[in-house]
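Here is the file input.tsv (TSV, C-alpha atoms).
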```
chain	number	residue	atom	x	y	z
A	145	MET	CA	0.00	0.00	0.00
A	146	PHE	CA	2.68	2.51	1.04
A	147	GLY	CA	5.73	2.74	-1.19
A	148	LEU	CA	4.79	-0.29	-3.27
A	149	LYS	CA	3.81	0.38	-6.82
A	150	ASN	CA	2.62	-2.38	-9.09
A	151	ASP	CA	3.36	-1.32	-12.65
A	152	ASN	CA	1.67	-3.74	-15.04
A	153	ASN	CA	3.07	-1.96	-18.11
A	154	VAL	CA	6.58	-3.39	-17.66
A	155	ASP	CA	7.60	-6.07	-20.16
A	156	PRO	CA	7.99	-9.35	-18.21
A	157	THR	CA	11.19	-10.23	-20.10
A	158	LEU	CA	12.80	-7.10	-18.65
A	159	GLU	CA	11.99	-8.21	-15.09
A	160	GLN	CA	13.64	-11.64	-15.45
A	161	VAL	CA	17.17	-10.79	-16.54
A	162	GLY	CA	19.34	-13.69	-15.44
A	163	THR	CA	22.69	-12.67	-16.94
A	164	ILE	CA	24.32	-9.24	-16.92
A	165	ILE	CA	27.54	-8.23	-18.63
A	166	GLY	CA	28.31	-5.02	-16.75
A	167	PRO	CA	29.79	-1.74	-17.98
A	168	GLY	CA	33.53	-2.02	-18.60
A	169	ALA	CA	33.44	-5.81	-18.91
A	170	VAL	CA	34.90	-7.27	-22.12
A	171	LEU	CA	34.04	-10.80	-23.18
A	172	ASP	CA	36.28	-12.08	-25.97
A	173	GLY	CA	34.54	-15.11	-27.46
A	174	PRO	CA	31.02	-16.43	-27.90
A	175	LEU	CA	28.31	-15.91	-25.28
A	176	THR	CA	25.48	-18.42	-24.80
A	177	THR	CA	22.80	-18.13	-22.11
A	178	LYS	CA	19.50	-19.87	-21.40
A	179	ASP	CA	17.82	-16.83	-19.89
A	180	SER	CA	17.28	-13.17	-20.71
A	181	THR	CA	20.54	-11.23	-20.83
A	182	ARG	CA	21.54	-7.58	-20.49
A	183	ILE	CA	24.80	-6.41	-22.02
A	184	ASP	CA	26.24	-3.08	-20.89
A	185	GLY	CA	29.83	-4.05	-21.66
A	186	THR	CA	31.48	-5.41	-24.81
A	187	VAL	CA	31.13	-8.85	-26.37
A	188	LYS	CA	33.51	-9.79	-29.20
A	189	GLY	CA	31.93	-12.91	-30.64
A	190	ASN	CA	28.60	-14.48	-31.48
A	191	VAL	CA	25.78	-14.20	-28.93
A	192	THR	CA	23.09	-16.88	-28.53
A	193	ILE	CA	20.33	-16.13	-26.03
A	194	SER	CA	17.32	-18.39	-25.33
A	195	GLY	CA	15.37	-15.40	-23.98
A	196	ALA	CA	15.41	-11.66	-24.54
A	197	LEU	CA	18.57	-9.70	-25.27
A	198	ILE	CA	18.92	-6.17	-23.93
A	199	VAL	CA	21.86	-4.13	-25.14
A	200	GLY	CA	22.26	-1.04	-22.93
A	201	GLY	CA	23.40	2.36	-24.16
A	202	GLU	CA	27.07	1.51	-23.51
A	203	GLY	CA	26.76	-2.08	-24.71
A	204	LYS	CA	28.54	-3.33	-27.84
A	205	ILE	CA	28.40	-6.64	-29.66
A	206	GLY	CA	30.75	-7.56	-32.50
A	207	GLY	CA	29.26	-10.77	-33.88
A	208	ASN	CA	26.05	-12.43	-34.94
A	209	VAL	CA	23.14	-12.50	-32.50
A	210	SER	CA	20.41	-15.11	-32.06
A	211	CYS	CA	17.63	-14.48	-29.52
A	212	VAL	CA	13.85	-14.44	-28.97
A	213	ASN	CA	13.50	-10.64	-28.66
A	214	ALA	CA	16.13	-7.91	-28.88
A	215	TYR	CA	16.03	-4.42	-27.33
A	216	ILE	CA	18.98	-2.40	-28.58
A	217	ALA	CA	20.10	0.93	-27.14
A	218	GLY	CA	23.79	0.24	-27.81
A	219	GLU	CA	25.62	-1.10	-30.85
A	220	ILE	CA	25.56	-4.39	-32.73
A	221	THR	CA	27.84	-5.08	-35.68
A	222	GLY	CA	26.58	-8.37	-37.06
A	223	ASN	CA	23.39	-10.09	-38.11
A	224	ILE	CA	20.44	-10.44	-35.72
A	225	SER	CA	18.11	-13.45	-35.85
A	226	ALA	CA	14.89	-13.32	-33.81
A	227	PRO	CA	12.50	-15.35	-35.99
A	228	GLN	CA	9.78	-15.75	-33.35
A	229	GLY	CA	10.08	-12.32	-31.81
A	230	LYS	CA	10.63	-8.63	-32.15
A	231	VAL	CA	13.68	-6.43	-32.60
A	232	GLU	CA	13.54	-2.90	-31.19
A	233	ILE	CA	16.24	-0.35	-31.96
A	234	SER	CA	16.00	2.69	-29.68
A	235	ASP	CA	16.96	6.22	-30.64
A	236	THR	CA	20.50	5.63	-29.34
A	237	GLY	CA	20.79	2.18	-30.93
A	238	LYS	CA	22.98	1.26	-33.87
A	239	VAL	CA	22.71	-1.95	-35.90
A	240	ILE	CA	25.08	-2.67	-38.78
A	241	GLY	CA	23.93	-5.96	-40.25
A	242	ASP	CA	20.90	-7.87	-41.45
A	243	VAL	CA	17.88	-8.53	-39.24
A	244	THR	CA	15.54	-11.52	-39.42
A	245	CYS	CA	12.48	-11.19	-37.18
A	246	LYS	CA	8.71	-11.35	-36.90
A	247	GLY	CA	8.36	-7.66	-35.96
A	248	ILE	CA	10.65	-4.65	-35.88
A	249	VAL	CA	10.55	-1.20	-34.28
A	250	ILE	CA	13.11	1.43	-35.26
A	251	ASP	CA	12.95	4.69	-33.30
A	252	GLU	CA	13.68	8.06	-34.83
A	253	ASN	CA	17.45	8.79	-34.86
A	254	ALA	CA	18.30	5.09	-34.59
A	255	VAL	CA	20.86	3.73	-37.04
A	256	PHE	CA	20.06	0.62	-39.05
A	257	GLN	CA	22.27	-0.31	-41.97
A	258	GLY	CA	21.33	-3.63	-43.52
A	259	LYS	CA	18.27	-5.48	-44.69
A	260	CYS	CA	15.30	-6.83	-42.76
A	261	ASP	CA	13.53	-10.11	-43.51
A	262	MET	CA	10.12	-10.44	-41.87
A	263	ILE	CA	9.41	-14.06	-40.96
A	264	GLY	CA	5.92	-15.46	-40.41
A	265	VAL	CA	4.15	-12.67	-42.27
A	266	ASP	CA	1.88	-14.36	-44.81
A	267	LYS	CA	0.34	-11.27	-46.35
A	268	SER	CA	1.38	-7.66	-46.60
A	269	SER	CA	-0.78	-4.97	-45.04
A	270	ALA	CA	-1.61	-3.75	-48.57
A	271	GLU	CA	-2.95	-7.19	-49.52
A	272	ILE	CA	-5.01	-7.35	-46.33
A	273	ALA	CA	-6.42	-3.85	-47.00
A	274	LYS	CA	-7.40	-4.86	-50.57
A	275	GLU	CA	-9.18	-7.96	-49.26
A	276	ARG	CA	-11.08	-5.92	-46.67
A	277	ALA	CA	-12.12	-3.37	-49.30
A	278	ALA	CA	-13.32	-6.13	-51.61
A	279	ALA	CA	-15.24	-7.77	-48.77
A	280	ASN	CA	-16.87	-4.45	-47.85
A	281	LYS	CA	-17.79	-3.82	-51.49
A	282	ASP	CA	-19.32	-7.30	-51.77
A	283	SER	CA	-21.32	-6.87	-48.57
A	284	ASP	CA	-22.54	-3.44	-49.73
A	285	SER	CA	-23.67	-4.80	-53.10
A	286	THR	CA	-25.35	-7.76	-51.37
A	287	ALA	CA	-27.21	-5.38	-49.07
A	288	GLU	CA	-28.29	-3.22	-52.04
A	289	SER	CA	-29.54	-6.22	-54.04
A	290	SER	CA	-31.56	-7.49	-51.07
A	291	GLU	CA	-33.09	-4.02	-50.67
A	292	ASP	CA	-33.96	-3.98	-54.39
A	293	SER	CA	-35.59	-7.40	-54.16
A	294	ASN	CA	-37.58	-6.25	-51.12
A	295	LYS	CA	-38.81	-3.22	-53.07
A	296	SER	CA	-39.81	-5.32	-56.07
A	297	GLU	CA	-41.57	-7.84	-53.83
A	298	GLY	CA	-43.43	-4.95	-52.19
A	299	SER	CA	-44.49	-3.55	-55.57
A	300	ASP	CA	-45.63	-7.00	-56.72
A	301	SER	CA	-47.82	-7.44	-53.67
A	302	SER	CA	-49.30	-3.95	-54.05
A	303	SER	CA	-50.08	-4.59	-57.73
A	304	GLU	CA	-51.69	-7.90	-56.79
A	305	ALA	CA	-53.76	-6.15	-54.14
A	306	SER	CA	-54.93	-3.54	-56.67
A	307	LYS	CA	-55.84	-6.33	-59.13
A	308	GLU	CA	-57.86	-8.10	-56.50
A	309	SER	CA	-59.68	-4.90	-55.54
A	310	SER	CA	-60.47	-4.11	-59.19
A	311	ASP	CA	-61.65	-7.70	-59.73
A	312	SER	CA	-63.91	-7.57	-56.72
A	313	SER	CA	-65.32	-4.19	-57.75
A	314	SER	CA	-66.09	-5.45	-61.25
A	315	GLU	CA	-67.73	-8.56	-59.84
A	316	SER	CA	-69.98	-6.48	-57.59
A	317	LYS	CA	-71.26	-4.46	-60.53
```
Using C-alpha cells, write down the structure that the file contains.
Amino acid sequence: MFGLKNDNNVDPTLEQVGTIIGPGAVLDGPLTTKDSTRIDGTVKGNVTISGALIVGGEGKIGGNVSCVNAYIAGEITGNISAPQGKVEISDTGKVIGDVTCKGIVIDENAVFQGKCDMIGVDKSSAEIAKERAAANKDSDSTAESSEDSNKSEGSDSSSEASKESSDSSSESK
C-alpha cells in the first residue's frame, strides 16, 4: 500500500534478466545463455540467447546474435536473428547488419544499416487492405440487391392487391 507500486506496463522479459555483462566488462569469445541477458559491456563474438537480449546504451556486440526478442540501445555489428520475436532499436541504438524477425521497431534517430527479412508474415498490409475493401464492397452490393428485391416484392404485392380490388369491384357491378 505505502511505497509499493505495481506497474503492469513493464515487459515481463525485462523483469527476469538472469545474466548481466556489466559496464567495462569485455568478453572475448562467444556468449550463450538460457535466460534473458543484459549487455552493458562489450562482447567480441557471437551471442546466442534463449530469452530476450537487452543491449544497454554503452553495450557493444561484434558478432552475430540469435535471440527471442532484442532491445537495442547500444551497438551491434553483425546479423540479428529473432525469428519468433521482435527487434527494437531505440533512438540511441545502432545496428550494422541484417535482421531476421517477426516484428521490428526502429525509433527516430536510430541507425540501421542492412536489410530486414520479416518471418511469419503471410500477407502484406496492402494485400489485407485490398481484401477488406473487396469484402466491404461485396457486402454493400449484397445489401443493395436485397433491398432492391424487397422493393420489387413490395411492388408485386401492391399490384396484386390492386388487381384483387379491381376484380372484386367489377364482380360487384
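For the pair atom CA of A:Ile164 and atom CA of A:Asn208, the interatomic distance is 18.4 Å.
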Please list as a PyMOL selection string every residue within 12 Å of A:Ile220, counting only C-alpha atoms and excluding residues in the same chain fewer than 2 positions away.
chain A and resi 183-191+197-210+214-218+222-224+233+236-243+255-258
Residues just named, written with C-alpha atoms as a PDB file, in the coordinates of the input:
```pdb
ATOM      1  CA  ILE A 183      24.800  -6.410 -22.020  1.00  0.00           C
ATOM      2  CA  ASP A 184      26.240  -3.080 -20.890  1.00  0.00           C
ATOM      3  CA  GLY A 185      29.830  -4.050 -21.660  1.00  0.00           C
ATOM      4  CA  THR A 186      31.480  -5.410 -24.810  1.00  0.00           C
ATOM      5  CA  VAL A 187      31.130  -8.850 -26.370  1.00  0.00           C
ATOM      6  CA  LYS A 188      33.510  -9.790 -29.200  1.00  0.00           C
ATOM      7  CA  GLY A 189      31.930 -12.910 -30.640  1.00  0.00           C
ATOM      8  CA  ASN A 190      28.600 -14.480 -31.480  1.00  0.00           C
ATOM      9  CA  VAL A 191      25.780 -14.200 -28.930  1.00  0.00           C
ATOM     10  CA  LEU A 197      18.570  -9.700 -25.270  1.00  0.00           C
ATOM     11  CA  ILE A 198      18.920  -6.170 -23.930  1.00  0.00           C
ATOM     12  CA  VAL A 199      21.860  -4.130 -25.140  1.00  0.00           C
ATOM     13  CA  GLY A 200      22.260  -1.040 -22.930  1.00  0.00           C
ATOM     14  CA  GLY A 201      23.400   2.360 -24.160  1.00  0.00           C
ATOM     15  CA  GLU A 202      27.070   1.510 -23.510  1.00  0.00           C
ATOM     16  CA  GLY A 203      26.760  -2.080 -24.710  1.00  0.00           C
ATOM     17  CA  LYS A 204      28.540  -3.330 -27.840  1.00  0.00           C
ATOM     18  CA  ILE A 205      28.400  -6.640 -29.660  1.00  0.00           C
ATOM     19  CA  GLY A 206      30.750  -7.560 -32.500  1.00  0.00           C
ATOM     20  CA  GLY A 207      29.260 -10.770 -33.880  1.00  0.00           C
ATOM     21  CA  ASN A 208      26.050 -12.430 -34.940  1.00  0.00           C
ATOM     22  CA  VAL A 209      23.140 -12.500 -32.500  1.00  0.00           C
ATOM     23  CA  SER A 210      20.410 -15.110 -32.060  1.00  0.00           C
ATOM     24  CA  ALA A 214      16.130  -7.910 -28.880  1.00  0.00           C
ATOM     25  CA  TYR A 215      16.030  -4.420 -27.330  1.00  0.00           C
ATOM     26  CA  ILE A 216      18.980  -2.400 -28.580  1.00  0.00           C
ATOM     27  CA  ALA A 217      20.100   0.930 -27.140  1.00  0.00           C
ATOM     28  CA  GLY A 218      23.790   0.240 -27.810  1.00  0.00           C
ATOM     29  CA  GLY A 222      26.580  -8.370 -37.060  1.00  0.00           C
ATOM     30  CA  ASN A 223      23.390 -10.090 -38.110  1.00  0.00           C
ATOM     31  CA  ILE A 224      20.440 -10.440 -35.720  1.00  0.00           C
ATOM     32  CA  ILE A 233      16.240  -0.350 -31.960  1.00  0.00           C
ATOM     33  CA  THR A 236      20.500   5.630 -29.340  1.00  0.00           C
ATOM     34  CA  GLY A 237      20.790   2.180 -30.930  1.00  0.00           C
ATOM     35  CA  LYS A 238      22.980   1.260 -33.870  1.00  0.00           C
ATOM     36  CA  VAL A 239      22.710  -1.950 -35.900  1.00  0.00           C
ATOM     37  CA  ILE A 240      25.080  -2.670 -38.780  1.00  0.00           C
ATOM     38  CA  GLY A 241      23.930  -5.960 -40.250  1.00  0.00           C
ATOM     39  CA  ASP A 242      20.900  -7.870 -41.450  1.00  0.00           C
ATOM     40  CA  VAL A 243      17.880  -8.530 -39.240  1.00  0.00           C
ATOM     41  CA  VAL A 255      20.860   3.730 -37.040  1.00  0.00           C
ATOM     42  CA  PHE A 256      20.060   0.620 -39.050  1.00  0.00           C
ATOM     43  CA  GLN A 257      22.270  -0.310 -41.970  1.00  0.00           C
ATOM     44  CA  GLY A 258      21.330  -3.630 -43.520  1.00  0.00           C
TER      45      GLY A 258
END
```
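In this structure, atom CA of A:Met262 sits 9.8 Å away from atom CA of A:Ala226.
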